[in-house]
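These notes concern the structure reproduced below.
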Amino acid sequence: MSSGGDLTGNDVFVRHPEVESNPLPDQTVLLFQKDTSLAVPVNAEGAAIWKMCDGDHTVDQIVDKLAEIYDQERSRIDQDVRAFLGELVRLGLVDRLLPHR
């Protein structure tokens, strides 16, 4: 597993098991890391990305799914997804797996 550097479209992420995901009524989610008591609120788009950090979806697949849902340019969605995943890695909430071949 690796956790830093530039993200590629083939990168796959997996949620840390010690992170709780608490859905809120407004479609946002509160991520809570039990070990450090870190609480991170995420919007609906972030919640959708979080759900796809399951070890099965590549960055490109996450972007494709969000592009089907949201009325934004794919390049903008791609940029936002990469920034969000980079932040999740930085905060220790997900791990980046070796790219699928």
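If you're wondering about the labels, chains in the structure tokens are A, B, ... by order shown, residues count from 1 in each chain, ligands from 1 in order shown.
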For His57 in chain A, find every residue with an atom within 12 Å (counting only C-alpha atoms), except residues of its own chain fewer than 2 positions away, and show them as a ChimeraX atom specification. /A:9-15,48-55,59-65,96-97,99-100
Got time to write the residues from that selection, N, CA and C atoms, as a PDB file, in the first residue's frame?
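Resulting contents of part_8.pdb:
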```pdb
ATOM      1  N   GLY A   9      -5.459   7.548 -12.608  1.00  0.00           N
ATOM      2  CA  GLY A   9      -6.825   7.100 -12.836  1.00  0.00           C
ATOM      3  C   GLY A   9      -7.063   5.669 -12.433  1.00  0.00           C
ATOM      4  N   ASN A  10      -5.977   4.881 -12.329  1.00  0.00           N
ATOM      5  CA  ASN A  10      -6.103   3.470 -11.953  1.00  0.00           C
ATOM      6  C   ASN A  10      -5.965   3.222 -10.459  1.00  0.00           C
ATOM      7  N   ASP A  11      -5.683   4.257  -9.691  1.00  0.00           N
ATOM      8  CA  ASP A  11      -5.537   4.080  -8.245  1.00  0.00           C
ATOM      9  C   ASP A  11      -6.867   3.669  -7.621  1.00  0.00           C
ATOM     10  N   VAL A  12      -6.746   2.833  -6.603  1.00  0.00           N
ATOM     11  CA  VAL A  12      -7.908   2.320  -5.872  1.00  0.00           C
ATOM     12  C   VAL A  12      -7.683   2.627  -4.394  1.00  0.00           C
ATOM     13  N   PHE A  13      -8.761   2.983  -3.711  1.00  0.00           N
ATOM     14  CA  PHE A  13      -8.660   3.355  -2.300  1.00  0.00           C
ATOM     15  C   PHE A  13      -9.548   2.473  -1.442  1.00  0.00           C
ATOM     16  N   VAL A  14      -9.131   2.309  -0.199  1.00  0.00           N
ATOM     17  CA  VAL A  14      -9.916   1.530   0.760  1.00  0.00           C
ATOM     18  C   VAL A  14      -9.996   2.316   2.065  1.00  0.00           C
ATOM     19  N   ARG A  15     -11.198   2.331   2.629  1.00  0.00           N
ATOM     20  CA  ARG A  15     -11.425   3.039   3.890  1.00  0.00           C
ATOM     21  C   ARG A  15     -10.704   2.324   5.030  1.00  0.00           C
ATOM     22  N   ALA A  48     -20.403  10.416  -1.489  1.00  0.00           N
ATOM     23  CA  ALA A  48     -20.449   9.466  -2.603  1.00  0.00           C
ATOM     24  C   ALA A  48     -19.053   8.915  -2.900  1.00  0.00           C
ATOM     25  N   ILE A  49     -18.053   9.779  -2.858  1.00  0.00           N
ATOM     26  CA  ILE A  49     -16.669   9.327  -3.065  1.00  0.00           C
ATOM     27  C   ILE A  49     -16.265   8.364  -1.953  1.00  0.00           C
ATOM     28  N   TRP A  50     -16.578   8.719  -0.714  1.00  0.00           N
ATOM     29  CA  TRP A  50     -16.249   7.879   0.446  1.00  0.00           C
ATOM     30  C   TRP A  50     -16.819   6.474   0.277  1.00  0.00           C
ATOM     31  N   LYS A  51     -18.076   6.381  -0.162  1.00  0.00           N
ATOM     32  CA  LYS A  51     -18.712   5.073  -0.340  1.00  0.00           C
ATOM     33  C   LYS A  51     -17.967   4.226  -1.369  1.00  0.00           C
ATOM     34  N   MET A  52     -17.387   4.891  -2.372  1.00  0.00           N
ATOM     35  CA  MET A  52     -16.688   4.158  -3.435  1.00  0.00           C
ATOM     36  C   MET A  52     -15.231   3.849  -3.091  1.00  0.00           C
ATOM     37  N   CYS A  53     -14.793   4.248  -1.908  1.00  0.00           N
ATOM     38  CA  CYS A  53     -13.453   3.861  -1.437  1.00  0.00           C
ATOM     39  C   CYS A  53     -13.564   2.475  -0.812  1.00  0.00           C
ATOM     40  N   ASP A  54     -13.882   1.508  -1.657  1.00  0.00           N
ATOM     41  CA  ASP A  54     -14.179   0.155  -1.195  1.00  0.00           C
ATOM     42  C   ASP A  54     -13.177  -0.879  -1.696  1.00  0.00           C
ATOM     43  N   GLY A  55     -12.107  -0.405  -2.336  1.00  0.00           N
ATOM     44  CA  GLY A  55     -11.117  -1.321  -2.874  1.00  0.00           C
ATOM     45  C   GLY A  55     -11.464  -1.851  -4.248  1.00  0.00           C
ATOM     46  N   VAL A  59     -10.022   5.556  -9.471  1.00  0.00           N
ATOM     47  CA  VAL A  59     -10.303   6.991  -9.511  1.00  0.00           C
ATOM     48  C   VAL A  59     -11.152   7.303 -10.743  1.00  0.00           C
ATOM     49  N   ASP A  60     -10.780   6.759 -11.898  1.00  0.00           N
ATOM     50  CA  ASP A  60     -11.543   7.018 -13.124  1.00  0.00           C
ATOM     51  C   ASP A  60     -12.988   6.536 -13.007  1.00  0.00           C
ATOM     52  N   GLN A  61     -13.202   5.394 -12.377  1.00  0.00           N
ATOM     53  CA  GLN A  61     -14.570   4.885 -12.202  1.00  0.00           C
ATOM     54  C   GLN A  61     -15.376   5.785 -11.269  1.00  0.00           C
ATOM     55  N   ILE A  62     -14.740   6.290 -10.219  1.00  0.00           N
ATOM     56  CA  ILE A  62     -15.417   7.216  -9.306  1.00  0.00           C
ATOM     57  C   ILE A  62     -15.823   8.476 -10.063  1.00  0.00           C
ATOM     58  N   VAL A  63     -14.904   9.008 -10.857  1.00  0.00           N
ATOM     59  CA  VAL A  63     -15.193  10.212 -11.637  1.00  0.00           C
ATOM     60  C   VAL A  63     -16.338   9.950 -12.611  1.00  0.00           C
ATOM     61  N   ASP A  64     -16.303   8.807 -13.295  1.00  0.00           N
ATOM     62  CA  ASP A  64     -17.370   8.465 -14.250  1.00  0.00           C
ATOM     63  C   ASP A  64     -18.731   8.411 -13.566  1.00  0.00           C
ATOM     64  N   LYS A  65     -18.783   7.765 -12.397  1.00  0.00           N
ATOM     65  CA  LYS A  65     -20.056   7.664 -11.657  1.00  0.00           C
ATOM     66  C   LYS A  65     -20.581   9.049 -11.278  1.00  0.00           C
ATOM     67  N   ARG A  96      -4.294   4.151  -0.171  1.00  0.00           N
ATOM     68  CA  ARG A  96      -4.239   3.918  -1.608  1.00  0.00           C
ATOM     69  C   ARG A  96      -3.616   2.548  -1.829  1.00  0.00           C
ATOM     70  N   LEU A  97      -4.313   1.717  -2.585  1.00  0.00           N
ATOM     71  CA  LEU A  97      -3.812   0.391  -2.923  1.00  0.00           C
ATOM     72  C   LEU A  97      -2.967   0.482  -4.181  1.00  0.00           C
ATOM     73  N   PRO A  99      -2.069   0.135  -7.936  1.00  0.00           N
ATOM     74  CA  PRO A  99      -2.988   0.250  -9.070  1.00  0.00           C
ATOM     75  C   PRO A  99      -3.366  -1.095  -9.658  1.00  0.00           C
ATOM     76  N   HIS A 100      -4.613  -1.176 -10.140  1.00  0.00           N
ATOM     77  CA  HIS A 100      -5.074  -2.354 -10.872  1.00  0.00           C
ATOM     78  C   HIS A 100      -4.345  -2.419 -12.188  1.00  0.00           C
TER      79      HIS A 100
END
```
List every residue of chain A that DSSP, applied to the backbone, labels as helix (DSSP H, G or I), and write the result as a PyMOL selection string. chain A and resi 44-51+59-69+74-90
Can you write just those residues out, C-alpha atoms, as a PDB file, in the first residue's frame?
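Wrote again-v4.pdb, looks like this:
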```
ATOM      1  CA  ALA A  44     -22.956  14.805  -0.452  1.00  0.00           C
ATOM      2  CA  GLU A  45     -20.348  14.544  -3.214  1.00  0.00           C
ATOM      3  CA  GLY A  46     -17.678  13.645  -0.674  1.00  0.00           C
ATOM      4  CA  ALA A  47     -20.007  11.056   0.829  1.00  0.00           C
ATOM      5  CA  ALA A  48     -20.449   9.466  -2.603  1.00  0.00           C
ATOM      6  CA  ILE A  49     -16.669   9.327  -3.065  1.00  0.00           C
ATOM      7  CA  TRP A  50     -16.249   7.879   0.446  1.00  0.00           C
ATOM      8  CA  LYS A  51     -18.712   5.073  -0.340  1.00  0.00           C
ATOM      9  CA  VAL A  59     -10.303   6.991  -9.511  1.00  0.00           C
ATOM     10  CA  ASP A  60     -11.543   7.018 -13.124  1.00  0.00           C
ATOM     11  CA  GLN A  61     -14.570   4.885 -12.202  1.00  0.00           C
ATOM     12  CA  ILE A  62     -15.417   7.216  -9.306  1.00  0.00           C
ATOM     13  CA  VAL A  63     -15.193  10.212 -11.637  1.00  0.00           C
ATOM     14  CA  ASP A  64     -17.370   8.465 -14.250  1.00  0.00           C
ATOM     15  CA  LYS A  65     -20.056   7.664 -11.657  1.00  0.00           C
ATOM     16  CA  LEU A  66     -20.110  11.244 -10.357  1.00  0.00           C
ATOM     17  CA  ALA A  67     -20.190  12.630 -13.912  1.00  0.00           C
ATOM     18  CA  GLU A  68     -23.426  10.663 -14.448  1.00  0.00           C
ATOM     19  CA  ILE A  69     -24.965  12.266 -11.357  1.00  0.00           C
ATOM     20  CA  ARG A  74     -15.811  15.780 -16.204  1.00  0.00           C
ATOM     21  CA  SER A  75     -12.451  17.564 -15.903  1.00  0.00           C
ATOM     22  CA  ARG A  76     -13.747  19.569 -12.929  1.00  0.00           C
ATOM     23  CA  ILE A  77     -15.140  16.440 -11.267  1.00  0.00           C
ATOM     24  CA  ASP A  78     -11.821  14.662 -11.862  1.00  0.00           C
ATOM     25  CA  GLN A  79      -9.925  17.524 -10.237  1.00  0.00           C
ATOM     26  CA  ASP A  80     -12.274  17.587  -7.235  1.00  0.00           C
ATOM     27  CA  VAL A  81     -12.167  13.803  -6.756  1.00  0.00           C
ATOM     28  CA  ARG A  82      -8.368  13.745  -6.823  1.00  0.00           C
ATOM     29  CA  ALA A  83      -8.134  16.640  -4.354  1.00  0.00           C
ATOM     30  CA  PHE A  84     -10.638  15.005  -1.987  1.00  0.00           C
ATOM     31  CA  LEU A  85      -8.940  11.597  -2.137  1.00  0.00           C
ATOM     32  CA  GLY A  86      -5.571  13.239  -1.548  1.00  0.00           C
ATOM     33  CA  GLU A  87      -6.978  14.909   1.551  1.00  0.00           C
ATOM     34  CA  LEU A  88      -8.468  11.632   2.823  1.00  0.00           C
ATOM     35  CA  VAL A  89      -5.049   9.997   2.418  1.00  0.00           C
ATOM     36  CA  ARG A  90      -3.330  12.921   4.155  1.00  0.00           C
TER      37      ARG A  90
END
```
Between CA of Lys34 in chain A and CA of Gly92 in chain A, what is the distance in Å, rounded to a tenth?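 So the two atoms, CA of Lys34 in chain A and CA of Gly92 in chain A, lie 11.6 Å apart.
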As an MDAnalysis selection string, please: all residues of chain A that backbone DSSP puts in strand (DSSP E or B). chainID A and resid 2 12:15 19:23 29:33 38:42 54:58 94:97
Using only N, CA and C atoms, please write the residues we just selected to a file, as a PDB file, in the first residue's frame.
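That gives us again37.pdb:
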```
ATOM      1  N   SER A   2       0.373   2.259  -0.660  1.00  0.00           N
ATOM      2  CA  SER A   2       1.066   3.535  -0.597  1.00  0.00           C
ATOM      3  C   SER A   2       0.053   4.600  -0.221  1.00  0.00           C
ATOM      4  N   VAL A  12      -6.746   2.833  -6.603  1.00  0.00           N
ATOM      5  CA  VAL A  12      -7.908   2.320  -5.872  1.00  0.00           C
ATOM      6  C   VAL A  12      -7.683   2.627  -4.394  1.00  0.00           C
ATOM      7  N   PHE A  13      -8.761   2.983  -3.711  1.00  0.00           N
ATOM      8  CA  PHE A  13      -8.660   3.355  -2.300  1.00  0.00           C
ATOM      9  C   PHE A  13      -9.548   2.473  -1.442  1.00  0.00           C
ATOM     10  N   VAL A  14      -9.131   2.309  -0.199  1.00  0.00           N
ATOM     11  CA  VAL A  14      -9.916   1.530   0.760  1.00  0.00           C
ATOM     12  C   VAL A  14      -9.996   2.316   2.065  1.00  0.00           C
ATOM     13  N   ARG A  15     -11.198   2.331   2.629  1.00  0.00           N
ATOM     14  CA  ARG A  15     -11.425   3.039   3.890  1.00  0.00           C
ATOM     15  C   ARG A  15     -10.704   2.324   5.030  1.00  0.00           C
ATOM     16  N   VAL A  19     -12.426   4.027  10.953  1.00  0.00           N
ATOM     17  CA  VAL A  19     -13.157   5.260  10.649  1.00  0.00           C
ATOM     18  C   VAL A  19     -14.646   4.948  10.546  1.00  0.00           C
ATOM     19  N   GLU A  20     -15.415   5.639  11.368  1.00  0.00           N
ATOM     20  CA  GLU A  20     -16.870   5.489  11.333  1.00  0.00           C
ATOM     21  C   GLU A  20     -17.452   6.510  10.367  1.00  0.00           C
ATOM     22  N   SER A  21     -18.486   6.095   9.659  1.00  0.00           N
ATOM     23  CA  SER A  21     -19.192   6.981   8.744  1.00  0.00           C
ATOM     24  C   SER A  21     -20.598   7.188   9.298  1.00  0.00           C
ATOM     25  N   ASN A  22     -20.918   8.426   9.650  1.00  0.00           N
ATOM     26  CA  ASN A  22     -22.205   8.740  10.251  1.00  0.00           C
ATOM     27  C   ASN A  22     -23.021   9.621   9.323  1.00  0.00           C
ATOM     28  N   PRO A  23     -24.011   9.048   8.600  1.00  0.00           N
ATOM     29  CA  PRO A  23     -24.830   9.852   7.701  1.00  0.00           C
ATOM     30  C   PRO A  23     -25.697  10.839   8.473  1.00  0.00           C
ATOM     31  N   VAL A  29     -22.096  13.569   5.468  1.00  0.00           N
ATOM     32  CA  VAL A  29     -21.612  12.475   6.312  1.00  0.00           C
ATOM     33  C   VAL A  29     -20.540  13.026   7.234  1.00  0.00           C
ATOM     34  N   LEU A  30     -20.538  12.552   8.454  1.00  0.00           N
ATOM     35  CA  LEU A  30     -19.484  12.892   9.392  1.00  0.00           C
ATOM     36  C   LEU A  30     -18.577  11.668   9.511  1.00  0.00           C
ATOM     37  N   LEU A  31     -17.315  11.834   9.112  1.00  0.00           N
ATOM     38  CA  LEU A  31     -16.330  10.768   9.247  1.00  0.00           C
ATOM     39  C   LEU A  31     -15.624  10.957  10.580  1.00  0.00           C
ATOM     40  N   PHE A  32     -15.535   9.881  11.358  1.00  0.00           N
ATOM     41  CA  PHE A  32     -14.935   9.966  12.683  1.00  0.00           C
ATOM     42  C   PHE A  32     -13.893   8.878  12.836  1.00  0.00           C
ATOM     43  N   GLN A  33     -12.653   9.296  13.033  1.00  0.00           N
ATOM     44  CA  GLN A  33     -11.561   8.344  13.239  1.00  0.00           C
ATOM     45  C   GLN A  33     -11.415   8.104  14.734  1.00  0.00           C
ATOM     46  N   LEU A  38     -10.505  12.355  15.368  1.00  0.00           N
ATOM     47  CA  LEU A  38     -10.645  13.302  14.271  1.00  0.00           C
ATOM     48  C   LEU A  38     -12.038  13.178  13.674  1.00  0.00           C
ATOM     49  N   ALA A  39     -12.755  14.295  13.562  1.00  0.00           N
ATOM     50  CA  ALA A  39     -14.075  14.317  12.943  1.00  0.00           C
ATOM     51  C   ALA A  39     -14.005  15.203  11.702  1.00  0.00           C
ATOM     52  N   VAL A  40     -14.457  14.651  10.573  1.00  0.00           N
ATOM     53  CA  VAL A  40     -14.397  15.365   9.307  1.00  0.00           C
ATOM     54  C   VAL A  40     -15.779  15.355   8.657  1.00  0.00           C
ATOM     55  N   PRO A  41     -16.436  16.516   8.559  1.00  0.00           N
ATOM     56  CA  PRO A  41     -17.716  16.564   7.855  1.00  0.00           C
ATOM     57  C   PRO A  41     -17.468  16.619   6.348  1.00  0.00           C
ATOM     58  N   VAL A  42     -18.244  15.864   5.581  1.00  0.00           N
ATOM     59  CA  VAL A  42     -18.115  15.892   4.127  1.00  0.00           C
ATOM     60  C   VAL A  42     -19.487  16.116   3.498  1.00  0.00           C
ATOM     61  N   ASP A  54     -13.882   1.508  -1.657  1.00  0.00           N
ATOM     62  CA  ASP A  54     -14.179   0.155  -1.195  1.00  0.00           C
ATOM     63  C   ASP A  54     -13.177  -0.879  -1.696  1.00  0.00           C
ATOM     64  N   GLY A  55     -12.107  -0.405  -2.336  1.00  0.00           N
ATOM     65  CA  GLY A  55     -11.117  -1.321  -2.874  1.00  0.00           C
ATOM     66  C   GLY A  55     -11.464  -1.851  -4.248  1.00  0.00           C
ATOM     67  N   ASP A  56     -12.625  -1.469  -4.772  1.00  0.00           N
ATOM     68  CA  ASP A  56     -13.066  -1.960  -6.078  1.00  0.00           C
ATOM     69  C   ASP A  56     -13.124  -0.887  -7.155  1.00  0.00           C
ATOM     70  N   HIS A  57     -13.297   0.369  -6.765  1.00  0.00           N
ATOM     71  CA  HIS A  57     -13.456   1.462  -7.731  1.00  0.00           C
ATOM     72  C   HIS A  57     -12.140   2.208  -7.935  1.00  0.00           C
ATOM     73  N   THR A  58     -11.762   2.381  -9.204  1.00  0.00           N
ATOM     74  CA  THR A  58     -10.598   3.211  -9.513  1.00  0.00           C
ATOM     75  C   THR A  58     -11.009   4.680  -9.469  1.00  0.00           C
ATOM     76  N   VAL A  94      -8.142   6.949   4.504  1.00  0.00           N
ATOM     77  CA  VAL A  94      -8.129   5.891   3.492  1.00  0.00           C
ATOM     78  C   VAL A  94      -6.685   5.546   3.155  1.00  0.00           C
ATOM     79  N   ASP A  95      -6.513   4.370   2.571  1.00  0.00           N
ATOM     80  CA  ASP A  95      -5.215   3.949   2.027  1.00  0.00           C
ATOM     81  C   ASP A  95      -5.344   3.805   0.535  1.00  0.00           C
ATOM     82  N   ARG A  96      -4.294   4.151  -0.171  1.00  0.00           N
ATOM     83  CA  ARG A  96      -4.239   3.918  -1.608  1.00  0.00           C
ATOM     84  C   ARG A  96      -3.616   2.548  -1.829  1.00  0.00           C
ATOM     85  N   LEU A  97      -4.313   1.717  -2.585  1.00  0.00           N
ATOM     86  CA  LEU A  97      -3.812   0.391  -2.923  1.00  0.00           C
ATOM     87  C   LEU A  97      -2.967   0.482  -4.181  1.00  0.00           C
TER      88      LEU A  97
END
```
Rounded to one decimal in Å, what is the spacing between CA of Asp6 in chain A and CA of Leu93 in chain A? 17.2 Å
CA of Asp35 in chain A sits from CA of Leu91 in chain A at a separation of 12.1 Å
